[in-house]
Number of protein chains: 2
Amino acid sequence: MLNVTMLGTGGMMPLKDRWLTSCIINSEGHSILVDCGEGTQIALKNTACRLKPIDVICITHFHADHISGLPGFLLSMGNEGREEPITIAGPRGIEQIVRSICVIAPNLPFEIKYAEAFRDNDIRCGNIEIIPFEVRHSTECVGYSFVLPRRGKFNVEKAKMNNVPMKIWNSLQKNGEVEFEGKLYTYDMVSDGERRGVKVTYCTDTRPTQNIVKYAENSDLFICEGLYYDPQKLDRARKTGHMLYSEAARLALQSGVKEMWLTHYSPAVTEPEEGIEQATGIFPNTKCGYDGKTVTIPFPD
Amino acid sequence: MLNVTMLGTGGMMPLKDRWLTSCIINSEGHSILVDCGEGTQIALKNTACRLKPIDVICITHFHADHISGLPGFLLSMGNEGREEPITIAGPRGIEQIVRSICVIAPNLPFEIKYAEAFRDNDIRCGNIEIIPFEVRHSTECVGYSFVLPRRGKFNVEKAKMNNVPMKIWNSLQKNGEVEFEGKLYTYDMVSDGERRGVKVTYCTDTRPTQNIVKYAENSDLFICEGLYYDPQKLDRARKTGHMLYSEAARLALQSGVKEMWLTHYSPAVTEPEEGIEQATGIFPNTKCGYDGKTVTIPFPD
């Protein structure tokens with residue numbers, strides 16, 4: 001299962017009652033932080049999430065409202081005693097940007113590894129696969145799918161057929177592979193094919209694109225920006241590289257997701273719920289995200 | 001008169017109920033922001049202060065809790081339509097550091113001028129003179145005195161004696177100097193010597209030093225850090241370049257200030273008031289600063 005918690009849901013600037021858009025994805029004791037604007041470390045304190053398990057920070061793009069909280073966040077991780085390396089993933093140039101803004105956070109007690117979207121493959125956090133994809137904003141911007149795969153069921157007949165010794169069955173289920181008496185045994189020797197896992201797709205700061213539809217396909221949860229709900233704001237959304245609720249809803253519909261949460265509201269949208277019908281009229285299972293909104297998504301069955 | 005408002009009073013990291021140490025000094029429609037940690041722009045929204053009149057930002061040093069909110073703060077000033085230049089003052093290297101962290105805040109609609117302490121003289125905001133002085137921390141750090149001078153009383157006898165035409169008296173009082181019929185008249189031709197103005201001295205992130213006593217001398221208000229009140233924390237304060245309440249109080253006593261406000265409490269100090277006697281036992285007119293604490297200091301008389 002995968003836990004998702006929205007730390008903030010605001011765009012552009014932090015407000016007294018709405019933190020900047022940010023999210024925690026967690027599974028089996030490993031957490032991913034998506035974006036880190038000003039105040040994200042305080043927003044986190046308002047939830048059940050903790051700094052300690054955050055192993056990966058995914059940055060969508062380099063606008064201040066999505067990254068300016070990073071130096072303070074990393075310092076607080078250090079103050080909490082973190083020593084294990086963390087990975088920071090993001091668009092092209094992520095390392096230079098992080099180094100530049102972290103000139104005020106020298107001497108961190110842990111190593112930072114960098115993962116550049118579309119250059120570095122196999123970005124993961126524990127068992128969660130992190131899949132970046134291109135979106136369309138006023139600057140280079142990345143969306144992310146988070147996939148927690150699920151192993152196939154244990155199949156006794158298959159294990160016997162492959163002559164897998166019974167005494168390593170448990171260990172094989174737990175570890176995926178086991179070497180025993182000079183021979184390597186792998187989990188596929190004892191299992192049916194992989195089962196459907198859990199998939200969450202996240203994108204903010206983008207116009208709607210077919211690439212989003214492709215990557216969001218069949219997600220259990222689609223977290224998508226909706227800067228405005230008022231149809232009259234379409235021109236403004238187009239000019240600034242953002243979306244209306246209705247545009248997000250069409251993406252959700254086309255990609256066949258189970259549920260959508262809206263986020264990244266304009267400071268001018270004081271009551272996000274007031275416009276919800278702009279989205280539910282198109283994709284009924286839309287929910288307005290809010291700071292602290294959380295869900296545990298179990299494996300299907 | 002000078003208005004002083006504490007935006008935050010916390011050290012090291014922003015807490016849910018305490019913003020990072022920051023302060024606004026304001027007079028005659030011109031404001032100075034002192035330090036800008038993560039969340040300072042939100043803290044400001046909780047007060048009667050506004051972004052618009054901020055013409056100068058004084059940075060004490062380059063630790064993240066004192067400067068990391070700057071990119072977002074400047075962007076918000078831009079969003080509010082600021083076009084006039086602002087001045088950012090700070091220790092040696094202020095321009096390089098601000099440029100580095102503001103890589104995520106490009107294209108600001110106003111110019112930033114820089115004033116490096118001890119290199120650039122005559123730093124001011126409206127009529128407020130800004131006087132930086134050295135303090136002693138784990139990195140180069142600057143304290144500031146803010147002085148609002150006050151002109152002498154208008155002296156009719158002196159004006160007549162100096163043959164200042166009566167029709168320019170008003171204008172001279174208002175503007176300080178007037179050219180009339182080819183001759184320059186200055187305010188000292190019509191006034192007694194300068195009267196006592198208002199002085200506020202501000203220092204955080206420092207051990208106590210005689211230099212602080214010198215610059216704080218006769219301040220109407222002395223805002224000083226007190227990271228801890230517990231005398232047993234003296235070693236820790238020494239190691240990290242900070243002060244106990246009692247050390248701040250001794251500075252206040254020695255420099256003959258009228259009143260002291262404590263600030264920059266450790267996150268471990270959950271109730272700053274509990275330790276106030278550690279300071280009032282030495283300097284009775286000590287007050288615990290708190291987020292939003294504000295005062296208007298009139299000219300004496």
# chains A, B, ... in the order shown; residues from 1 in each chain; ligands from 1
>>> residues_around(residues="stretch 236-238 of chain A", least_positions_apart="2", cutoff="12 Å", atoms="only C-alpha atoms", output="list in words")
Arg136, His137, Ser138, Asp205, Thr206, Arg207, Pro208, Glu225, Gly226, Leu227, Tyr228, Tyr229, Asp230, Pro231, Gln232, Lys233, Leu234, Thr240, Gly241, His242, Met243, Leu244, Tyr245, Ser246, Glu247, Ala248, Tyr265 and Ser266 of chain A
>>> closest_atom_pairs(of="chain B", to="chain A", cutoff="10 Å", atoms="only C-alpha atoms", output="tab-separated table")
residue	atom	partner	partner_atom	distance
B:Met12	CA	A:Ser76	CA	8.6
B:Met13	CA	A:Ser76	CA	7.1
B:Pro14	CA	A:Ile42	CA	6.7
B:Leu15	CA	A:Ile42	CA	6.2
B:Lys16	CA	A:Ile42	CA	6.0
B:Asp17	CA	A:Ile42	CA	9.5
B:Trp19	CA	A:Ile42	CA	9.9
B:Gly37	CA	A:Gly72	CA	8.9
B:Glu38	CA	A:Glu38	CA	5.9
B:Gly39	CA	A:Gly39	CA	5.8
B:Thr40	CA	A:Glu38	CA	9.4
B:Gln41	CA	A:Pro14	CA	8.1
B:Ile42	CA	A:Lys16	CA	6.0
B:Ala43	CA	A:Lys16	CA	8.1
B:Leu44	CA	A:Lys16	CA	9.8
B:Lys45	CA	A:Lys16	CA	7.2
B:Asn46	CA	A:Lys16	CA	7.6
B:His61	CA	A:Ile104	CA	9.6
B:Phe62	CA	A:Ile104	CA	5.9
B:His63	CA	A:Ile104	CA	5.5
B:Ala64	CA	A:Ile104	CA	5.2
B:Asp65	CA	A:Gly72	CA	7.1
B:His66	CA	A:Ile104	CA	9.4
B:Ile67	CA	A:Ile104	CA	7.9
B:Ser68	CA	A:Gly72	CA	7.1
B:Gly69	CA	A:Glu38	CA	6.9
B:Leu70	CA	A:Ser68	CA	9.0
B:Pro71	CA	A:Ala64	CA	6.8
B:Gly72	CA	A:Ala64	CA	6.2
B:Phe73	CA	A:Met13	CA	9.1
B:Leu75	CA	A:Ala64	CA	8.3
B:Ser76	CA	A:Met13	CA	7.1
B:Asn79	CA	A:Met12	CA	9.4
B:Ile97	CA	A:Val103	CA	7.3
B:Val98	CA	A:Ile101	CA	9.2
B:Arg99	CA	A:Ser100	CA	9.0
B:Ser100	CA	A:Ser100	CA	5.2
B:Ile101	CA	A:Ile101	CA	4.2
B:Cys102	CA	A:Ile101	CA	7.3
B:Val103	CA	A:Ile101	CA	7.2
B:Ile104	CA	A:Ala64	CA	5.1
B:Ala105	CA	A:Ala64	CA	6.1
B:Pro106	CA	A:His63	CA	8.9
>>> calpha_fit_and_write(fixed="chain A", moving="chain B", output="CSV table (one decimal) with C-alpha atoms, in the first residue's frame")
chain,number,residue,atom,x,y,z
B,1,MET,CA,0.1,0.0,0.0
B,2,LEU,CA,1.0,3.6,-0.6
B,3,ASN,CA,0.3,6.6,1.6
B,4,VAL,CA,-0.2,10.0,0.1
B,5,THR,CA,-0.4,13.2,2.2
B,6,MET,CA,-0.7,16.7,0.7
B,7,LEU,CA,1.4,19.1,2.8
B,8,GLY,CA,0.2,22.2,0.9
B,9,THR,CA,-2.1,23.1,-2.0
B,10,GLY,CA,-1.4,26.7,-2.7
B,11,GLY,CA,0.3,28.2,-5.8
B,12,MET,CA,2.5,31.2,-6.2
B,13,MET,CA,2.9,32.3,-2.6
B,14,PRO,CA,2.3,30.8,0.9
B,15,LEU,CA,-0.8,32.1,2.6
B,16,LYS,CA,-1.7,32.3,6.3
B,17,ASP,CA,-4.0,29.3,5.9
B,18,ARG,CA,-2.6,27.5,2.9
B,19,TRP,CA,0.9,26.2,2.4
B,20,LEU,CA,2.6,25.9,-0.9
B,21,THR,CA,1.9,22.9,-3.0
B,22,SER,CA,3.8,19.9,-1.8
B,23,CYS,CA,3.1,16.2,-1.1
B,24,ILE,CA,4.5,13.2,0.7
B,25,ILE,CA,4.4,9.7,-0.9
B,26,ASN,CA,5.3,6.9,1.5
B,27,SER,CA,5.5,3.2,1.5
B,28,GLU,CA,7.2,0.7,3.8
B,29,GLY,CA,9.1,3.3,5.8
B,30,HIS,CA,10.4,5.2,2.8
B,31,SER,CA,9.1,8.6,1.9
B,32,ILE,CA,9.3,10.9,-1.2
B,33,LEU,CA,8.8,14.6,-0.8
B,34,VAL,CA,7.4,16.3,-4.0
B,35,ASP,CA,8.4,19.9,-4.1
B,36,CYS,CA,9.6,22.1,-1.2
B,37,GLY,CA,8.4,25.7,-1.3
B,38,GLU,CA,8.7,28.2,1.5
B,39,GLY,CA,7.2,26.7,4.7
B,40,THR,CA,7.0,23.1,3.6
B,41,GLN,CA,9.0,22.0,6.7
B,42,ILE,CA,6.3,23.7,8.9
B,43,ALA,CA,3.5,22.2,6.9
B,44,LEU,CA,5.0,18.8,7.4
B,45,LYS,CA,4.8,19.4,11.2
B,46,ASN,CA,1.1,19.7,10.9
B,47,THR,CA,0.8,16.2,9.6
B,48,ALA,CA,1.7,12.7,10.8
B,49,CYS,CA,4.6,12.7,8.3
B,50,ARG,CA,8.2,12.9,9.5
B,51,LEU,CA,11.5,14.2,8.1
B,52,LYS,CA,13.4,11.1,9.0
B,53,PRO,CA,12.1,8.6,6.3
B,54,ILE,CA,12.4,11.1,3.4
B,55,ASP,CA,15.0,9.5,1.1
B,56,VAL,CA,14.0,11.2,-2.2
B,57,ILE,CA,13.0,14.8,-2.9
B,58,CYS,CA,11.4,15.3,-6.4
B,59,ILE,CA,11.4,18.8,-7.7
B,60,THR,CA,9.0,19.6,-10.5
B,61,HIS,CA,10.6,22.9,-11.6
B,62,PHE,CA,12.7,25.8,-10.4
B,63,HIS,CA,10.1,28.4,-9.6
B,64,ALA,CA,10.6,29.7,-6.0
B,65,ASP,CA,7.2,28.5,-4.8
B,66,HIS,CA,8.3,24.9,-5.5
B,67,ILE,CA,11.9,24.9,-4.3
B,68,SER,CA,12.7,27.8,-2.0
B,69,GLY,CA,12.1,25.9,1.2
B,70,LEU,CA,14.8,23.4,0.3
B,71,PRO,CA,17.8,24.9,2.2
B,72,GLY,CA,15.8,25.1,5.4
B,73,PHE,CA,14.3,21.7,4.9
B,74,LEU,CA,17.7,20.0,4.4
B,75,LEU,CA,19.1,21.8,7.5
B,76,SER,CA,16.2,20.6,9.6
B,77,MET,CA,16.9,17.0,8.3
B,78,GLY,CA,20.5,17.5,9.4
B,79,ASN,CA,19.3,18.8,12.8
B,80,GLU,CA,17.3,15.7,13.3
B,81,GLY,CA,20.4,13.7,12.9
B,82,ARG,CA,20.2,12.4,9.3
B,83,GLU,CA,23.4,10.9,8.0
B,84,GLU,CA,22.2,8.7,5.2
B,85,PRO,CA,22.5,10.1,1.7
B,86,ILE,CA,19.3,11.6,0.1
B,87,THR,CA,18.5,11.9,-3.6
B,88,ILE,CA,17.2,15.0,-5.1
B,89,ALA,CA,15.5,14.5,-8.5
B,90,GLY,CA,14.4,17.2,-10.9
B,91,PRO,CA,14.6,18.8,-14.3
B,92,ARG,CA,17.8,19.4,-16.2
B,93,GLY,CA,20.2,21.5,-14.1
B,94,ILE,CA,18.9,20.3,-10.8
B,95,GLU,CA,22.3,20.0,-9.3
B,96,GLN,CA,23.5,23.5,-10.2
B,97,ILE,CA,20.2,25.1,-8.9
B,98,VAL,CA,20.3,23.2,-5.6
B,99,ARG,CA,24.0,24.0,-5.1
B,100,SER,CA,23.2,27.7,-5.8
B,101,ILE,CA,20.3,28.1,-3.4
B,102,CYS,CA,22.0,25.9,-0.7
B,103,VAL,CA,25.0,28.3,-0.4
B,104,ILE,CA,23.2,29.3,2.9
B,105,ALA,CA,23.0,25.7,4.0
B,106,PRO,CA,26.7,24.5,4.0
B,107,ASN,CA,28.1,21.5,5.9
B,108,LEU,CA,25.0,19.3,5.8
B,109,PRO,CA,25.8,16.0,7.6
B,110,PHE,CA,24.6,13.8,4.8
B,111,GLU,CA,25.4,13.4,1.1
B,112,ILE,CA,23.1,14.7,-1.6
B,113,LYS,CA,22.9,12.6,-4.8
B,114,TYR,CA,21.2,14.0,-7.8
B,115,ALA,CA,19.0,12.4,-10.4
B,116,GLU,CA,18.2,14.4,-13.5
B,117,ALA,CA,15.0,13.5,-15.2
B,118,PHE,CA,15.4,11.8,-18.6
B,119,ARG,CA,19.2,11.4,-18.1
B,120,ASP,CA,19.4,9.3,-14.9
B,121,ASN,CA,17.3,6.1,-15.1
B,122,ASP,CA,15.9,3.9,-12.4
B,123,ILE,CA,15.0,6.5,-9.9
B,124,ARG,CA,13.4,4.8,-6.9
B,125,CYS,CA,12.7,5.2,-3.2
B,126,GLY,CA,12.5,1.8,-1.4
B,127,ASN,CA,10.3,-0.2,-3.7
B,128,ILE,CA,8.6,2.8,-5.3
B,129,GLU,CA,9.6,3.4,-8.9
B,130,ILE,CA,9.7,7.1,-9.8
B,131,ILE,CA,8.9,7.9,-13.4
B,132,PRO,CA,9.4,11.5,-14.5
B,133,PHE,CA,7.6,12.8,-17.5
B,134,GLU,CA,7.5,16.1,-19.4
B,135,VAL,CA,4.8,18.7,-18.8
B,136,ARG,CA,4.3,22.1,-20.4
B,137,HIS,CA,4.9,25.2,-18.3
B,138,SER,CA,6.6,28.6,-18.7
B,139,THR,CA,9.9,26.9,-17.8
B,140,GLU,CA,11.1,23.2,-18.0
B,141,CYS,CA,8.8,21.3,-15.7
B,142,VAL,CA,8.4,17.6,-14.8
B,143,GLY,CA,5.5,15.5,-13.6
B,144,TYR,CA,6.0,12.2,-11.8
B,145,SER,CA,4.3,8.9,-11.6
B,146,PHE,CA,5.0,6.8,-8.5
B,147,VAL,CA,4.5,3.1,-8.9
B,148,LEU,CA,4.6,0.5,-6.2
B,149,PRO,CA,4.8,-2.9,-7.9
B,150,ARG,CA,3.3,-6.0,-6.4
B,151,ARG,CA,4.7,-9.5,-6.8
B,152,GLY,CA,2.7,-12.3,-8.1
B,153,LYS,CA,1.0,-14.9,-5.8
B,154,PHE,CA,3.1,-17.7,-4.5
B,155,ASN,CA,2.4,-20.8,-6.6
B,156,VAL,CA,3.2,-24.1,-4.9
B,157,GLU,CA,2.8,-26.1,-8.1
B,158,LYS,CA,5.3,-23.9,-9.9
B,159,ALA,CA,7.8,-24.0,-7.1
B,160,LYS,CA,7.7,-27.8,-7.1
B,161,MET,CA,7.9,-27.9,-10.8
B,162,ASN,CA,11.0,-25.8,-10.7
B,163,ASN,CA,12.5,-27.9,-8.0
B,164,VAL,CA,12.8,-25.0,-5.5
B,165,PRO,CA,13.7,-26.5,-2.1
B,166,MET,CA,10.8,-26.0,0.4
B,167,LYS,CA,13.2,-24.7,3.1
B,168,ILE,CA,13.9,-21.5,1.1
B,169,TRP,CA,10.3,-20.7,0.1
B,170,ASN,CA,9.9,-18.2,2.9
B,171,SER,CA,13.1,-16.6,2.3
B,172,LEU,CA,12.5,-16.3,-1.4
B,173,GLN,CA,9.1,-14.6,-0.7
B,174,LYS,CA,10.8,-12.1,1.5
B,175,ASN,CA,14.0,-11.4,-0.4
B,176,GLY,CA,13.1,-12.0,-4.0
B,177,GLU,CA,16.2,-14.1,-4.6
B,178,VAL,CA,18.1,-16.7,-2.6
B,179,GLU,CA,21.4,-18.5,-3.2
B,180,PHE,CA,21.2,-22.1,-1.8
B,181,GLU,CA,23.7,-24.9,-2.2
B,182,GLY,CA,25.5,-23.0,-5.0
B,183,LYS,CA,22.4,-22.3,-7.0
B,184,LEU,CA,20.5,-19.0,-7.4
B,185,TYR,CA,16.7,-19.1,-7.0
B,186,THR,CA,14.5,-16.2,-8.1
B,187,TYR,CA,11.0,-15.2,-7.2
B,188,ASP,CA,9.6,-15.8,-10.6
B,189,MET,CA,10.4,-19.5,-10.2
B,190,VAL,CA,7.7,-19.7,-7.5
B,191,SER,CA,5.1,-17.2,-8.5
B,192,ASP,CA,2.5,-16.3,-11.0
B,193,GLY,CA,3.2,-13.1,-13.0
B,194,GLU,CA,3.3,-9.7,-11.3
B,195,ARG,CA,0.0,-8.4,-10.0
B,196,ARG,CA,-1.3,-4.9,-10.3
B,197,GLY,CA,0.4,-2.6,-7.9
B,198,VAL,CA,-0.5,1.0,-6.9
B,199,LYS,CA,0.1,4.0,-9.1
B,200,VAL,CA,-0.1,7.7,-8.2
B,201,THR,CA,0.6,10.4,-10.8
B,202,TYR,CA,1.4,14.0,-9.8
B,203,CYS,CA,1.6,17.1,-12.0
B,204,THR,CA,1.4,20.8,-11.3
B,205,ASP,CA,2.3,23.9,-13.2
B,206,THR,CA,1.4,22.7,-16.7
B,207,ARG,CA,-1.1,23.1,-19.5
B,208,PRO,CA,-3.0,19.9,-20.3
B,209,THR,CA,-1.1,17.6,-22.7
B,210,GLN,CA,-1.5,14.2,-24.2
B,211,ASN,CA,1.8,13.2,-22.5
B,212,ILE,CA,0.2,13.7,-19.1
B,213,VAL,CA,-2.7,11.4,-20.3
B,214,LYS,CA,-0.2,8.8,-21.3
B,215,TYR,CA,1.7,8.8,-18.0
B,216,ALA,CA,-1.3,9.1,-15.8
B,217,GLU,CA,-3.0,6.2,-17.5
B,218,ASN,CA,-4.8,3.9,-15.0
B,219,SER,CA,-3.5,5.7,-11.9
B,220,ASP,CA,-5.2,4.9,-8.7
B,221,LEU,CA,-4.8,8.6,-7.8
B,222,PHE,CA,-4.1,11.5,-10.1
B,223,ILE,CA,-3.0,14.7,-8.3
B,224,CYS,CA,-3.3,17.6,-10.7
B,225,GLU,CA,-3.1,21.4,-10.6
B,226,GLY,CA,-6.2,23.5,-11.0
B,227,LEU,CA,-5.1,27.1,-10.6
B,228,TYR,CA,-8.6,28.5,-11.3
B,229,TYR,CA,-12.1,27.1,-11.7
B,230,ASP,CA,-13.7,30.1,-13.4
B,231,PRO,CA,-13.9,29.4,-17.2
B,232,GLN,CA,-13.2,33.1,-17.8
B,233,LYS,CA,-9.7,32.6,-16.4
B,234,LEU,CA,-8.8,30.3,-19.4
B,235,ASP,CA,-6.7,33.0,-21.1
B,236,ARG,CA,-4.8,33.7,-18.0
B,237,ALA,CA,-4.2,30.0,-17.4
B,238,ARG,CA,-2.9,29.7,-21.0
B,239,LYS,CA,-0.6,32.6,-20.6
B,240,THR,CA,1.0,31.5,-17.4
B,241,GLY,CA,1.2,27.8,-18.2
B,242,HIS,CA,-1.6,26.6,-15.9
B,243,MET,CA,-4.9,24.8,-16.0
B,244,LEU,CA,-8.5,25.2,-15.1
B,245,TYR,CA,-10.3,22.6,-13.0
B,246,SER,CA,-12.2,21.5,-16.2
B,247,GLU,CA,-9.0,20.9,-18.1
B,248,ALA,CA,-7.6,18.8,-15.3
B,249,ALA,CA,-10.9,16.8,-15.2
B,250,ARG,CA,-10.6,16.1,-19.0
B,251,LEU,CA,-7.1,14.7,-18.4
B,252,ALA,CA,-8.4,12.5,-15.6
B,253,LEU,CA,-11.2,11.2,-17.8
B,254,GLN,CA,-9.0,10.5,-20.8
B,255,SER,CA,-6.3,8.7,-18.7
B,256,GLY,CA,-8.8,6.4,-16.9
B,257,VAL,CA,-7.7,7.2,-13.4
B,258,LYS,CA,-9.7,6.1,-10.4
B,259,GLU,CA,-9.7,9.4,-8.5
B,260,MET,CA,-8.4,12.9,-9.0
B,261,TRP,CA,-7.3,15.5,-6.3
B,262,LEU,CA,-7.0,19.1,-7.4
B,263,THR,CA,-4.2,21.3,-6.0
B,264,HIS,CA,-2.1,24.4,-6.6
B,265,TYR,CA,-4.9,26.9,-6.2
B,266,SER,CA,-4.4,30.5,-7.1
B,267,PRO,CA,-4.2,32.8,-4.0
B,268,ALA,CA,-7.3,34.4,-5.6
B,269,VAL,CA,-9.2,31.1,-5.2
B,270,THR,CA,-10.2,31.4,-1.5
B,271,GLU,CA,-12.7,28.6,-1.5
B,272,PRO,CA,-11.6,25.8,-3.9
B,273,GLU,CA,-14.7,23.7,-3.2
B,274,GLU,CA,-16.9,26.4,-4.7
B,275,GLY,CA,-15.8,25.5,-8.2
B,276,ILE,CA,-15.7,21.7,-7.8
B,277,GLU,CA,-18.6,21.2,-10.2
B,278,GLN,CA,-16.5,22.5,-13.0
B,279,ALA,CA,-14.5,19.3,-12.6
B,280,THR,CA,-17.1,16.8,-11.3
B,281,GLY,CA,-19.3,17.6,-14.3
B,282,ILE,CA,-16.6,16.0,-16.5
B,283,PHE,CA,-14.8,13.6,-14.1
B,284,PRO,CA,-17.2,12.8,-11.2
B,285,ASN,CA,-14.6,11.3,-8.9
B,286,THR,CA,-12.7,14.6,-8.4
B,287,LYS,CA,-11.9,15.8,-4.9
B,288,CYS,CA,-10.5,19.2,-3.9
B,289,GLY,CA,-7.2,18.7,-2.3
B,290,TYR,CA,-6.5,20.6,1.0
B,291,ASP,CA,-3.5,20.9,3.3
B,292,GLY,CA,-3.2,17.7,5.3
B,293,LYS,CA,-5.5,15.6,3.0
B,294,THR,CA,-4.3,12.0,3.2
B,295,VAL,CA,-5.1,8.6,2.0
B,296,THR,CA,-3.8,5.1,2.2
B,297,ILE,CA,-4.1,3.2,-1.1
B,298,PRO,CA,-4.1,-0.6,-0.6
B,299,PHE,CA,-3.1,-3.1,-3.3
B,300,PRO,CA,-6.3,-4.0,-5.3
B,301,ASP,CA,-8.2,-7.2,-4.7
>>> select_by_dssp(residues="stretch 77-245 of chain B", states="helix (DSSP H, G or I)", output="PyMOL selection string")
chain B and resi 77-79+94-104+156-161+166-175+187-189+210-216+231-240+245
>>> write_last_selection(atoms="C-alpha atoms", output="compact mmCIF listing (two decimals), in the first residue's frame")
# COMPACT_ATOMS: atom_id res chain seq x y z
CA MET B 77 7.07 42.34 -3.61
CA GLY B 78 7.17 42.06 -7.39
CA ASN B 79 3.70 40.50 -7.46
CA ILE B 94 25.98 40.10 0.37
CA GLU B 95 25.63 40.59 -3.38
CA GLN B 96 27.08 37.17 -4.31
CA ILE B 97 24.94 35.34 -1.74
CA VAL B 98 21.72 37.08 -2.73
CA ARG B 99 22.43 36.45 -6.41
CA SER B 100 23.10 32.79 -5.67
CA ILE B 101 19.92 32.10 -3.72
CA CYS B 102 17.82 34.24 -6.05
CA VAL B 103 18.58 32.04 -9.06
CA ILE B 104 15.00 30.79 -8.45
CA VAL B 156 12.75 83.04 15.49
CA GLU B 157 15.52 85.18 16.95
CA LYS B 158 18.16 83.20 15.09
CA ALA B 159 16.20 83.36 11.85
CA LYS B 160 15.96 87.13 12.12
CA MET B 161 19.60 87.45 13.10
CA MET B 166 10.01 85.16 6.70
CA LYS B 167 8.26 83.92 3.56
CA ILE B 168 10.60 80.90 3.32
CA TRP B 169 10.46 79.90 7.02
CA ASN B 170 7.78 77.28 6.44
CA SER B 171 9.46 75.86 3.43
CA LEU B 172 12.79 75.72 5.24
CA GLN B 173 11.24 73.81 8.15
CA LYS B 174 9.76 71.33 5.70
CA ASN B 175 12.64 70.85 3.28
CA TYR B 187 17.86 74.82 8.43
CA ASP B 188 20.70 75.44 10.85
CA MET B 189 20.26 79.17 10.12
CA GLN B 210 31.99 45.46 24.17
CA ASN B 211 31.37 46.54 20.59
CA ILE B 212 27.67 45.83 21.08
CA VAL B 213 27.68 47.95 24.25
CA LYS B 214 29.32 50.77 22.31
CA TYR B 215 26.80 50.77 19.47
CA ALA B 216 23.74 50.12 21.63
CA PRO B 231 22.41 29.13 32.98
CA GLN B 232 23.40 25.51 32.37
CA LYS B 233 23.23 26.20 28.65
CA LEU B 234 26.13 28.66 28.82
CA ASP B 235 28.62 26.21 27.31
CA ARG B 236 26.27 25.46 24.45
CA ALA B 237 25.68 29.18 23.86
CA ARG B 238 29.43 29.77 23.81
CA LYS B 239 30.05 26.96 21.35
CA THR B 240 27.38 28.07 18.91
CA TYR B 245 19.16 35.99 28.66
>>> select_by_dssp(residues="stretch 111-279 of chain B", states="strand (DSSP E)", output="ChimeraX atom specification")
/B:112-116,123-125,128-134,142-150,177-180,183-186,195-203,221-225,260-263
>>> decode(residues="stretch 250-261 of chain A", atoms="C-alpha atoms", output="PDB file, in the first residue's frame")
ATOM      1  CA  ARG A 250     -10.630  16.098 -18.974  1.00  0.00           C
ATOM      2  CA  LEU A 251      -7.129  14.707 -18.412  1.00  0.00           C
ATOM      3  CA  ALA A 252      -8.471  12.517 -15.605  1.00  0.00           C
ATOM      4  CA  LEU A 253     -11.282  11.261 -17.816  1.00  0.00           C
ATOM      5  CA  GLN A 254      -9.029  10.509 -20.773  1.00  0.00           C
ATOM      6  CA  SER A 255      -6.417   8.702 -18.714  1.00  0.00           C
ATOM      7  CA  GLY A 256      -8.911   6.471 -16.926  1.00  0.00           C
ATOM      8  CA  VAL A 257      -7.717   7.277 -13.419  1.00  0.00           C
ATOM      9  CA  LYS A 258      -9.796   6.178 -10.444  1.00  0.00           C
ATOM     10  CA  GLU A 259      -9.770   9.456  -8.541  1.00  0.00           C
ATOM     11  CA  MET A 260      -8.415  12.969  -8.966  1.00  0.00           C
ATOM     12  CA  TRP A 261      -7.351  15.508  -6.363  1.00  0.00           C
TER      13      TRP A 261
END
